[in-house]
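See below for structure01.csv, which holds CSV, C-alpha atoms.
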```csv
chain,number,residue,atom,x,y,z
P,1,TYR,CA,74.1,63.7,-120.3
P,2,ASP,CA,71.7,62.0,-122.7
P,3,LEU,CA,71.2,64.2,-125.8
P,4,ALA,CA,68.3,62.0,-127.1
P,5,LEU,CA,66.4,62.3,-123.8
P,6,ASN,CA,67.0,66.0,-123.7
P,7,ARG,CA,65.5,66.3,-127.2
P,8,LEU,CA,62.6,64.0,-126.3
P,9,VAL,CA,61.6,66.1,-123.3
P,10,GLY,CA,61.7,69.2,-125.4
P,11,THR,CA,59.5,67.8,-128.1
P,12,LEU,CA,56.9,66.8,-125.4
P,13,GLY,CA,56.8,70.4,-124.2
P,14,GLY,CA,59.0,70.0,-121.2
P,15,THR,CA,62.3,71.8,-120.2
P,16,ALA,CA,65.5,69.8,-119.9
P,17,HIS,CA,68.9,70.9,-118.5
P,18,TYR,CA,72.1,69.0,-118.2
P,19,ILE,CA,72.8,68.4,-114.5
P,20,ASP,CA,76.4,69.7,-114.6
P,21,HIS,CA,75.2,73.0,-116.2
P,22,LEU,CA,72.8,74.1,-113.5
P,23,VAL,CA,75.3,76.5,-111.9
P,24,ASP,CA,76.0,79.8,-113.6
P,25,ASN,CA,79.6,80.5,-114.9
P,26,ILE,CA,80.4,83.1,-112.2
P,27,SER,CA,79.5,80.8,-109.3
P,28,MET,CA,81.2,77.8,-110.8
P,29,GLN,CA,84.4,79.9,-111.4
P,30,ALA,CA,84.4,80.8,-107.7
P,31,ASN,CA,84.2,77.1,-107.0
P,32,ASN,CA,87.2,76.6,-109.3
P,33,PHE,CA,89.3,79.0,-107.2
P,34,THR,CA,88.2,77.3,-104.0
P,35,ALA,CA,89.0,73.8,-105.4
P,36,ALA,CA,92.4,75.1,-106.5
P,37,LYS,CA,93.2,76.5,-103.1
P,38,TYR,CA,92.1,73.2,-101.4
P,39,LEU,CA,94.4,71.2,-103.7
P,40,LYS,CA,97.3,73.4,-102.6
P,41,ASP,CA,96.5,73.3,-98.9
P,42,TRP,CA,94.9,69.9,-98.1
P,43,HIS,CA,98.2,68.3,-96.9
P,44,LEU,CA,99.4,71.2,-94.8
P,45,ASP,CA,99.1,72.0,-91.1
P,46,LYS,CA,98.2,75.5,-89.7
P,47,ASN,CA,101.9,76.5,-90.1
P,48,GLY,CA,102.1,75.4,-93.7
P,49,ASN,CA,104.2,72.3,-93.0
P,50,ASP,CA,103.6,69.2,-95.1
P,51,LEU,CA,101.9,66.5,-93.0
P,52,PHE,CA,103.3,63.8,-95.3
P,53,ARG,CA,107.0,63.4,-94.6
P,54,TYR,CA,109.1,60.3,-94.7
P,55,ASN,CA,112.9,59.9,-94.7
P,56,ASP,CA,113.3,63.7,-94.7
P,57,VAL,CA,111.2,64.0,-97.9
P,58,GLU,CA,107.9,66.0,-97.9
P,59,PHE,CA,105.7,64.3,-100.5
P,60,GLY,CA,102.1,65.4,-99.9
P,61,PHE,CA,102.1,67.3,-103.2
P,62,SER,CA,102.6,64.0,-105.1
P,63,PHE,CA,99.1,62.7,-104.3
P,64,ARG,CA,97.4,65.3,-106.5
P,65,ILE,CA,96.9,62.9,-109.3
P,66,GLU,CA,95.1,60.6,-106.9
P,67,ILE,CA,92.5,63.0,-105.6
P,68,TRP,CA,92.2,65.6,-108.4
P,69,ASN,CA,89.4,63.7,-110.1
P,70,ASP,CA,87.7,62.7,-106.9
P,71,ILE,CA,87.5,66.2,-105.6
P,72,LEU,CA,86.5,68.0,-108.7
P,73,SER,CA,83.8,65.4,-109.6
P,74,TYR,CA,82.2,65.7,-106.2
P,75,VAL,CA,82.4,69.5,-106.1
P,76,ARG,CA,80.8,69.9,-109.6
P,77,ALA,CA,78.1,67.4,-108.7
P,78,ARG,CA,77.3,68.8,-105.3
P,79,ALA,CA,77.2,72.4,-106.5
P,80,CYS,CA,74.8,71.5,-109.3
P,81,LEU,CA,72.5,69.2,-107.3
P,82,GLN,CA,72.2,72.0,-104.7
P,83,GLN,CA,70.3,73.9,-107.4
P,84,VAL,CA,67.7,71.1,-107.5
P,85,LYS,CA,66.5,72.2,-104.1
P,86,LYS,CA,65.4,75.5,-105.6
P,87,ILE,CA,63.1,73.7,-108.1
P,88,GLN,CA,59.6,72.6,-107.4
P,89,TYR,CA,59.3,69.0,-108.3
P,90,GLN,CA,57.1,65.9,-107.6
P,91,LYS,CA,59.8,63.3,-107.8
P,92,ILE,CA,63.5,62.8,-108.6
P,93,TYR,CA,64.4,59.9,-110.9
P,94,LEU,CA,68.1,59.1,-110.9
P,95,GLY,CA,69.7,57.2,-113.8
P,96,SER,CA,72.2,54.5,-112.9
P,97,GLY,CA,75.9,55.2,-113.4
P,98,GLN,CA,76.2,58.4,-111.3
P,99,ASN,CA,78.6,57.2,-108.6
P,100,ASN,CA,78.2,60.0,-106.1
P,101,PHE,CA,74.7,61.3,-106.9
P,102,PRO,CA,72.8,59.0,-104.4
P,103,GLU,CA,75.1,60.0,-101.6
P,104,ILE,CA,74.8,63.7,-102.3
P,105,LEU,CA,71.0,63.6,-102.7
P,106,SER,CA,70.7,61.7,-99.4
P,107,LEU,CA,72.8,64.4,-97.6
P,108,MET,CA,70.4,67.0,-99.0
P,109,ASN,CA,67.5,65.0,-97.6
P,110,ALA,CA,66.1,64.7,-101.1
P,111,GLU,CA,64.0,61.7,-101.9
P,112,PHE,CA,64.8,60.0,-105.2
P,113,GLU,CA,64.2,56.8,-107.2
P,114,ILE,CA,67.0,55.0,-109.1
P,115,VAL,CA,66.0,53.9,-112.6
P,116,SER,CA,68.2,51.1,-114.0
P,117,THR,CA,68.3,49.8,-117.5
P,118,PRO,CA,66.5,46.5,-117.8
P,119,VAL,CA,68.9,43.5,-118.0
P,120,GLY,CA,69.5,42.5,-121.6
P,121,LYS,CA,68.1,45.7,-123.0
P,122,LYS,CA,70.6,47.6,-125.1
P,123,GLU,CA,69.9,51.0,-126.4
P,124,GLN,CA,72.0,53.8,-127.9
P,125,THR,CA,73.3,56.1,-125.1
P,126,TYR,CA,75.3,59.3,-125.1
P,127,TYR,CA,76.6,59.0,-121.6
P,128,PHE,CA,80.3,58.5,-121.2
P,129,PRO,CA,81.5,57.5,-117.7
P,130,ILE,CA,84.3,60.0,-117.4
P,131,TYR,CA,84.8,59.4,-113.7
P,132,GLN,CA,85.3,55.6,-114.2
P,133,TRP,CA,87.5,56.2,-117.2
P,134,MET,CA,89.8,58.6,-115.2
P,135,ASP,CA,90.0,56.1,-112.3
P,136,GLU,CA,91.0,53.3,-114.6
P,137,LYS,CA,93.7,55.4,-116.3
P,138,VAL,CA,95.2,56.6,-113.0
P,139,ARG,CA,95.1,53.3,-111.2
P,140,SER,CA,95.4,50.8,-114.1
P,141,LYS,CA,95.2,47.1,-113.2
P,142,LYS,CA,95.7,45.8,-116.7
P,143,LEU,CA,98.0,42.9,-117.3
P,144,LYS,CA,100.3,44.8,-119.6
P,145,HIS,CA,100.9,47.5,-117.0
P,146,THR,CA,101.6,44.9,-114.3
P,147,LEU,CA,104.1,43.0,-116.5
P,148,LEU,CA,105.8,46.3,-117.4
P,149,TYR,CA,106.1,47.2,-113.7
P,150,TYR,CA,108.0,44.0,-113.1
P,151,TYR,CA,110.2,44.4,-116.1
P,152,ILE,CA,111.1,48.0,-115.1
P,153,ALA,CA,112.1,46.7,-111.7
P,154,LEU,CA,114.3,44.0,-113.2
P,155,GLN,CA,115.8,46.0,-116.0
P,156,GLY,CA,116.4,49.1,-113.8
P,157,THR,CA,118.2,47.1,-111.1
P,158,VAL,CA,120.4,45.2,-113.6
P,159,ALA,CA,121.3,48.4,-115.4
P,160,LEU,CA,122.3,50.1,-112.2
P,161,TYR,CA,124.5,47.1,-111.3
P,162,LEU,CA,126.1,47.0,-114.8
P,163,ASP,CA,126.8,50.8,-114.7
P,164,LYS,CA,128.6,50.4,-111.4
P,165,LEU,CA,130.5,47.4,-112.6
P,166,PHE,CA,131.7,49.0,-115.9
P,167,ALA,CA,131.9,52.6,-114.6
P,168,CYS,CA,134.2,54.7,-116.6
P,169,LYS,CA,136.8,56.9,-115.0
P,170,SER,CA,135.3,60.2,-116.1
P,171,PRO,CA,132.2,61.1,-114.1
P,172,LYS,CA,128.9,61.5,-115.9
P,173,LYS,CA,126.1,63.9,-115.2
P,174,ASN,CA,122.8,62.3,-114.4
P,175,VAL,CA,119.7,64.0,-115.8
P,176,PHE,CA,116.2,62.9,-114.9
P,177,ILE,CA,113.7,63.8,-117.7
P,178,GLN,CA,110.0,63.5,-118.0
P,179,VAL,CA,109.3,62.4,-121.5
P,180,TYR,CA,106.5,63.9,-123.6
P,181,PHE,CA,106.1,66.0,-126.7
P,182,PRO,CA,107.7,69.2,-125.2
P,183,THR,CA,110.9,67.3,-124.2
P,184,LEU,CA,111.4,64.9,-127.2
P,185,SER,CA,113.9,67.1,-129.0
P,186,ILE,CA,115.8,67.6,-125.8
P,187,LEU,CA,115.8,63.9,-125.1
P,188,LYS,CA,117.2,63.2,-128.6
P,189,LYS,CA,120.1,65.7,-128.2
P,190,LEU,CA,121.0,64.5,-124.6
P,191,LYS,CA,121.1,60.9,-125.8
P,192,ALA,CA,123.9,61.9,-128.1
P,193,HIS,CA,126.1,63.2,-125.3
P,194,LEU,CA,128.2,60.4,-123.9
P,195,GLU,CA,129.0,62.3,-120.7
P,196,ILE,CA,125.3,62.5,-119.8
P,197,LYS,CA,123.3,59.6,-118.3
P,198,LEU,CA,119.6,59.9,-118.7
P,199,ILE,CA,117.2,58.5,-116.0
P,200,PHE,CA,113.4,58.1,-116.5
P,201,GLY,CA,110.4,57.3,-114.4
P,202,TYR,CA,109.2,54.9,-117.1
P,203,PHE,CA,110.3,53.7,-120.5
P,204,THR,CA,110.1,56.4,-123.2
P,205,PRO,CA,107.4,56.1,-125.9
P,206,SER,CA,109.9,54.8,-128.4
P,207,ARG,CA,109.4,52.3,-131.2
P,208,SER,CA,112.9,51.0,-130.8
P,209,ILE,CA,113.1,47.6,-129.1
P,210,THR,CA,116.7,48.4,-128.0
P,211,ASP,CA,115.4,51.2,-125.7
P,212,TYR,CA,113.9,48.5,-123.5
P,213,PHE,CA,117.4,47.3,-122.8
P,214,THR,CA,119.5,50.5,-122.8
P,215,GLU,CA,117.3,53.0,-121.0
P,216,ARG,CA,117.5,53.6,-117.3
P,217,PRO,CA,114.0,53.7,-115.6
P,218,ILE,CA,114.0,53.9,-111.8
P,219,PRO,CA,113.3,50.4,-110.5
P,220,ILE,CA,110.4,50.2,-108.1
P,221,TYR,CA,109.7,46.9,-106.4
P,222,GLY,CA,108.7,45.2,-103.1
P,223,SER,CA,105.7,44.6,-101.0
P,224,THR,CA,103.7,47.4,-99.6
P,225,LYS,CA,102.6,45.4,-96.5
P,226,LYS,CA,105.6,46.5,-94.4
P,227,TYR,CA,104.6,50.2,-94.9
P,228,ARG,CA,101.0,49.8,-93.6
P,229,LYS,CA,101.9,50.7,-90.0
P,230,ILE,CA,103.9,53.7,-91.1
P,231,ALA,CA,101.0,54.7,-93.3
P,232,GLU,CA,98.6,54.4,-90.4
P,233,ASP,CA,100.8,56.6,-88.2
P,234,ILE,CA,101.1,59.3,-90.9
P,235,MET,CA,97.3,59.2,-91.5
P,236,GLN,CA,96.6,59.7,-87.8
P,237,GLY,CA,98.9,62.8,-87.8
P,238,PHE,CA,97.2,64.0,-90.9
P,239,THR,CA,93.6,63.8,-89.8
P,240,LYS,CA,94.6,65.4,-86.5
P,241,SER,CA,96.5,68.4,-87.9
P,242,ARG,CA,94.9,69.1,-91.3
P,243,ARG,CA,93.4,72.6,-91.6
P,244,ALA,CA,92.0,72.8,-95.2
P,245,THR,CA,88.3,73.6,-95.6
P,246,PHE,CA,85.9,73.8,-98.5
P,247,THR,CA,82.8,76.1,-98.8
P,248,LEU,CA,80.9,76.3,-102.1
P,249,SER,CA,80.1,79.6,-103.7
P,250,ASP,CA,76.5,79.5,-102.4
P,251,GLY,CA,77.8,79.2,-98.8
P,252,VAL,CA,77.3,75.4,-98.3
P,253,GLU,CA,80.1,73.9,-96.2
P,254,ILE,CA,81.3,70.6,-97.6
P,255,SER,CA,84.6,70.2,-95.8
P,256,THR,CA,83.6,67.0,-94.0
P,257,GLU,CA,82.6,65.3,-97.3
P,258,ILE,CA,85.7,66.5,-99.2
P,259,ASN,CA,88.0,65.5,-96.3
P,260,SER,CA,86.4,62.1,-96.2
P,261,ILE,CA,86.9,61.6,-99.9
P,262,VAL,CA,90.6,62.5,-99.6
P,263,GLU,CA,91.2,60.4,-96.5
P,264,ALA,CA,89.7,57.3,-98.1
P,265,ARG,CA,91.8,57.6,-101.2
P,266,ILE,CA,95.0,58.6,-99.5
P,267,SER,CA,94.8,55.9,-96.8
P,268,GLU,CA,94.4,53.3,-99.6
P,269,ARG,CA,97.3,54.6,-101.7
P,270,LEU,CA,99.8,55.7,-99.0
P,271,PRO,CA,101.6,52.3,-98.5
P,272,THR,CA,102.3,52.2,-102.3
P,273,TYR,CA,103.6,55.8,-102.2
P,274,LEU,CA,105.9,55.0,-99.2
P,275,ARG,CA,107.2,51.9,-101.1
P,276,ASP,CA,107.8,54.0,-104.2
P,277,LEU,CA,109.5,56.8,-102.3
P,278,THR,CA,111.8,54.3,-100.6
P,279,CYS,CA,112.9,52.8,-103.9
P,280,ILE,CA,113.4,56.2,-105.5
P,281,THR,CA,115.4,57.5,-102.6
P,282,ARG,CA,117.6,54.4,-102.5
P,283,TYR,CA,118.2,54.7,-106.3
P,284,LEU,CA,119.1,58.4,-106.2
P,285,ASP,CA,121.5,57.7,-103.3
P,286,LYS,CA,123.4,55.5,-105.6
P,287,ARG,CA,122.9,57.7,-108.7
P,288,PRO,CA,122.5,61.3,-107.6
P,289,ILE,CA,120.7,63.5,-110.1
P,290,ASP,CA,122.3,66.7,-111.3
P,291,LEU,CA,119.3,68.2,-113.2
P,292,GLN,CA,115.6,67.5,-113.5
P,293,ILE,CA,113.7,68.3,-116.7
P,294,MET,CA,110.0,68.3,-116.3
P,295,ILE,CA,106.8,68.8,-118.3
P,296,ALA,CA,104.2,68.7,-115.4
P,297,ASN,CA,103.7,68.8,-111.7
P,298,ILE,CA,101.4,65.8,-111.7
P,299,GLY,CA,102.0,62.0,-111.8
P,300,ARG,CA,103.0,59.4,-109.2
P,301,VAL,CA,106.6,58.4,-109.9
P,302,ASP,CA,107.7,61.6,-111.6
P,303,THR,CA,106.3,63.8,-108.8
P,304,LEU,CA,107.8,61.6,-106.1
P,305,VAL,CA,111.2,62.0,-107.9
P,306,ASP,CA,110.6,65.8,-107.9
P,307,CYS,CA,109.9,65.7,-104.1
P,308,VAL,CA,113.2,63.9,-103.5
P,309,CYS,CA,115.0,66.4,-105.8
P,310,LYS,CA,113.5,69.3,-103.9
P,311,SER,CA,114.7,67.9,-100.6
P,312,ARG,CA,118.2,67.8,-102.1
P,313,ASP,CA,118.2,71.2,-103.8
P,314,VAL,CA,118.5,69.6,-107.3
P,315,PRO,CA,117.8,72.3,-109.9
P,316,SER,CA,114.8,71.8,-112.1
P,317,TYR,CA,113.7,73.1,-115.5
P,318,LEU,CA,110.1,72.7,-116.6
P,319,ILE,CA,108.7,73.1,-120.1
P,320,ILE,CA,105.0,73.8,-119.9
P,321,ASN,CA,102.8,71.3,-121.7
P,322,GLY,CA,99.8,73.1,-123.1
P,323,LEU,CA,98.3,76.6,-123.1
P,324,MET,CA,98.0,76.9,-119.3
P,325,GLY,CA,95.0,79.3,-119.4
P,326,PRO,CA,92.9,79.1,-116.2
P,327,GLU,CA,93.8,81.9,-113.9
P,328,TYR,CA,93.0,79.8,-110.8
P,329,GLY,CA,95.4,77.0,-111.9
P,330,ASP,CA,98.9,76.3,-110.6
P,331,GLU,CA,99.9,73.4,-112.8
P,332,GLY,CA,103.4,73.9,-114.2
P,333,LYS,CA,104.3,76.5,-111.6
P,334,TYR,CA,106.6,74.4,-109.4
P,335,ALA,CA,110.2,74.3,-110.7
P,336,LYS,CA,113.3,76.4,-110.4
P,337,TRP,CA,113.1,77.5,-114.0
P,338,ILE,CA,110.1,77.4,-116.2
P,339,ASN,CA,109.8,77.8,-120.0
P,340,SER,CA,106.7,79.6,-121.0
P,341,TYR,CA,105.6,79.5,-124.6
P,342,SER,CA,105.1,83.3,-124.8
P,343,LYS,CA,105.3,86.6,-122.9
P,344,SER,CA,101.5,86.7,-122.7
P,345,ILE,CA,101.4,83.4,-120.9
P,346,LYS,CA,104.1,84.6,-118.6
P,347,GLN,CA,102.1,87.7,-117.9
P,348,PHE,CA,98.6,86.3,-117.5
P,349,TYR,CA,99.1,82.7,-116.3
P,350,PHE,CA,102.3,82.9,-114.4
P,351,ARG,CA,101.7,86.5,-113.2
P,352,ASP,CA,105.2,87.6,-114.2
P,353,MET,CA,106.9,85.1,-111.9
P,354,GLU,CA,110.7,85.9,-111.9
P,355,ASN,CA,111.8,82.3,-112.8
P,356,ILE,CA,109.9,82.3,-116.1
P,357,VAL,CA,111.8,82.3,-119.4
P,358,CYS,CA,110.1,82.6,-122.8
P,359,LEU,CA,111.7,80.3,-125.3
P,360,GLY,CA,108.6,79.3,-127.2
P,361,ASP,CA,107.0,76.0,-127.9
P,362,PRO,CA,109.6,73.3,-128.7
P,363,ARG,CA,107.1,71.6,-131.1
P,364,MET,CA,107.1,74.7,-133.3
P,365,ASP,CA,110.5,73.6,-134.6
P,366,ARG,CA,109.1,70.3,-135.7
P,367,TYR,CA,106.2,71.9,-137.4
P,368,ARG,CA,108.6,74.1,-139.4
P,369,GLU,CA,110.5,71.0,-140.6
P,370,VAL,CA,107.2,69.4,-141.7
P,371,TRP,CA,106.3,72.5,-143.7
P,372,LYS,CA,109.7,72.6,-145.4
P,373,SER,CA,109.4,69.0,-146.4
P,374,LYS,CA,106.2,69.8,-148.2
```

Turn the structure described in the file into structure tokens.
Amino acid sequence: YDLALNRLVGTLGGTAHYIDHLVDNISMQANNFTAAKYLKDWHLDKNGNDLFRYNDVEFGFSFRIEIWNDILSYVRARACLQQVKKIQYQKIYLGSGQNNFPEILSLMNAEFEIVSTPVGKKEQTYYFPIYQWMDEKVRSKKLKHTLLYYYIALQGTVALYLDKLFACKSPKKNVFIQVYFPTLSILKKLKAHLEIKLIFGYFTPSRSITDYFTERPIPIYGSTKKYRKIAEDIMQGFTKSRRATFTLSDGVEISTEINSIVEARISERLPTYLRDLTCITRYLDKRPIDLQIMIANIGRVDTLVDCVCKSRDVPSYLIINGLMGPEYGDEGKYAKWINSYSKSIKQFYFRDMENIVCLGDPRMDRYREVWKSK
């Protein structure tokens, strides 16, 4: 990944290639399709039943954000390192920072030497640890996120109690909405309707301090310890009945390695998901949702809410967030009704699914207003 090193090798008469570009596009595209299929099937048994089920809610799909980066990073690295075996070499030098490279090279019975930067020596580098960055974003342990978690639990619980205490006679419709650019205009309009109560997974990205007192995030709280035994039982059933496999485009079978990666991550996170699912189910028992407005099929709390809604036949409307181009992808395809930005996206990405409506990109209206103001 180091551009300077790449250039240096070239000036010395050598040939340098970036490690994640050793596989040709056609072969890597085949791996993309295989990875997409695995992400669909990893939590299912031979009959297509979800192996993750708790309180009558199937929630295996909600783990996608936890394993997506793990799986794709390993597949890309393994597929490319397999090409090294085809090259005649005297020795492999491995730079520090590549989390899964030593493991992969060892599985390939390839000898290598790890080269580390001397302590105290600081030089300009072009390497960005994307795997580490993604891991920290998905499972943040920063103080501000911890404090926000406790405040959401407190504020959401108090708000639910006050709503019950001062409930008006006319029933209100409860709408759960995922907040991002595609849904901001809808959020603004729904807030103006007094007969609609909005529910969120988190606080909205608002600059108004009053929103931190008036919004209704779902409170999630409690220890995960009491869910460990349940998690162990679920994991035992999962490892016994899972059927998903993974074979690279060159015929190398890596199911054991991929399944081990998934098992390690899921077993670590499962007690937290069971705690979250319990809190969400309890909250929606007291405040049933009438409609779910989505922008994605990924995320922890939002996707767990979606799993509960599906178990209760709550209608959902999804506004896609982005172009949605890869033909192997399935992001944004899981909702009762889906807004596609155009007919071409409906045709080529959604394959003319019957539940697609083409209402355009909601952000286009905002761009028009900006242009008029100029």

Closest atom pairs, residues of segment 211-260 of chain P within 12 Å of segment 4-26 of chain P, only C-alpha atoms, as JSON lines:
```
{"residue": "P:Leu248", "atom": "CA", "partner": "P:Val23", "partner_atom": "CA", "distance": 11.3}
{"residue": "P:Ser249", "atom": "CA", "partner": "P:Ile26", "partner_atom": "CA", "distance": 9.2}
{"residue": "P:Asp250", "atom": "CA", "partner": "P:Val23", "partner_atom": "CA", "distance": 10.0}
```

Please produce a file of the residues just selected, as a short mmCIF file (atom, residue, chain, number, x, y, z; two decimals), in the coordinates of the input, where the atoms kept are C-alpha atoms.
```cif
data_model
loop_
_atom_site.label_atom_id
_atom_site.label_comp_id
_atom_site.auth_asym_id
_atom_site.auth_seq_id
_atom_site.Cartn_x
_atom_site.Cartn_y
_atom_site.Cartn_z
CA LEU P 248 80.90 76.30 -102.10
CA SER P 249 80.10 79.60 -103.70
CA ASP P 250 76.50 79.50 -102.40
#
```

Which one is closest to Pro219 of chain P: P:Tyr180, P:Phe200, P:Tyr328, P:Phe63? Count all atoms listed in the file. P:Phe200

So that I can check the surroundings of segment 343-351 of chain P, please list as a PyMOL selection string every protein, DNA and RNA residue that reaches within 12 Å of it, counting only C-alpha atoms and ignoring chain neighbours fewer than 4 positions away. chain P and resi 320+322-334+338-339+355-361

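For the atom pair formed by atom CA of Phe213 of chain P and atom CA of Leu147 of chain P, the distance is 15.3 Å, given to one decimal.
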
Might you pull out every residue within 9 Å of segment 257-269 of chain P, with all atoms listed in the file counted and same-chain residues fewer than 6 positions away left off, and present them as a list in words? Trp42, Phe63, Glu66, Ile67, Asp70, Ile71, Tyr74, Val75, Ala231, Glu232, Met235, Phe238, Thr239, Ala244, Thr245 and Phe246 of chain P

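Compared by their closest atoms to Ala296 of chain P, and using all atoms listed in the file, the residues P:Lys37, P:Arg64, P:Lys310, P:Lys85 rank with P:Arg64 nearest.
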
Give the answer as one residue: which of P:Glu253, P:Asp290, P:Asp45, P:Asp352 has the shortest atom-to-atom distance to Lys197 of chain P, using only C-alpha atoms? P:Asp290

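Atom pair atom CA of Arg287 of chain P / atom CA of Ala159 of chain P has a distance of 11.6 Å (rounded to one decimal).
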
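Nearest to Val314 of chain P of all the residues P:Leu72, P:Ile289, P:Leu184, P:Asp41 is P:Ile289, based on only C-alpha atoms.
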
Write out, as JSON lines, each residue of segment 263-310 of chain P that has an atom at most 12 Å from segment 47-54 of chain P, together with the closest pair of atoms and their distance in Å to one decimal, counting all atoms listed in the file, rows going by chain and rising number.
```
{"residue": "P:Ile266", "atom": "CA", "partner": "P:Phe52", "partner_atom": "CA", "distance": 10.7}
{"residue": "P:Ser267", "atom": "CA", "partner": "P:Phe52", "partner_atom": "CA", "distance": 11.7}
{"residue": "P:Leu270", "atom": "CA", "partner": "P:Phe52", "partner_atom": "CA", "distance": 9.6}
{"residue": "P:Pro271", "atom": "CA", "partner": "P:Tyr54", "partner_atom": "CA", "distance": 11.6}
{"residue": "P:Tyr273", "atom": "CA", "partner": "P:Tyr54", "partner_atom": "CA", "distance": 10.3}
{"residue": "P:Leu274", "atom": "CA", "partner": "P:Tyr54", "partner_atom": "CA", "distance": 7.7}
{"residue": "P:Arg275", "atom": "CA", "partner": "P:Tyr54", "partner_atom": "CA", "distance": 10.7}
{"residue": "P:Asp276", "atom": "CA", "partner": "P:Tyr54", "partner_atom": "CA", "distance": 11.5}
{"residue": "P:Leu277", "atom": "CA", "partner": "P:Tyr54", "partner_atom": "CA", "distance": 8.4}
{"residue": "P:Thr278", "atom": "CA", "partner": "P:Tyr54", "partner_atom": "CA", "distance": 8.8}
{"residue": "P:Thr281", "atom": "CA", "partner": "P:Tyr54", "partner_atom": "CA", "distance": 10.5}
{"residue": "P:Leu304", "atom": "CA", "partner": "P:Tyr54", "partner_atom": "CA", "distance": 11.5}
{"residue": "P:Cys307", "atom": "CA", "partner": "P:Arg53", "partner_atom": "CA", "distance": 10.2}
{"residue": "P:Val308", "atom": "CA", "partner": "P:Tyr54", "partner_atom": "CA", "distance": 10.4}
```

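Using only C-alpha atoms, the smallest distance between any of P:Tyr131, P:Leu44, P:Arg312, P:Ile254 and Met108 of chain P comes from P:Ile254.
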
What's the 10 Å shell around Asn69 of chain P, counting all atoms listed in the file, without same-chain residues fewer than 6 positions away, as a short mmCIF file (atom, residue, chain, number, x, y, z; two decimals) with C-alpha atoms, in the frame of the given file?
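result_39.cif, freshly written:
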```cif
data_model
loop_
_atom_site.label_atom_id
_atom_site.label_comp_id
_atom_site.auth_asym_id
_atom_site.auth_seq_id
_atom_site.Cartn_x
_atom_site.Cartn_y
_atom_site.Cartn_z
CA VAL P 75 82.40 69.50 -106.10
CA ILE P 130 84.30 60.00 -117.40
CA TYR P 131 84.80 59.40 -113.70
CA GLN P 132 85.30 55.60 -114.20
CA MET P 134 89.80 58.60 -115.20
CA ASP P 135 90.00 56.10 -112.30
CA VAL P 138 95.20 56.60 -113.00
#
```
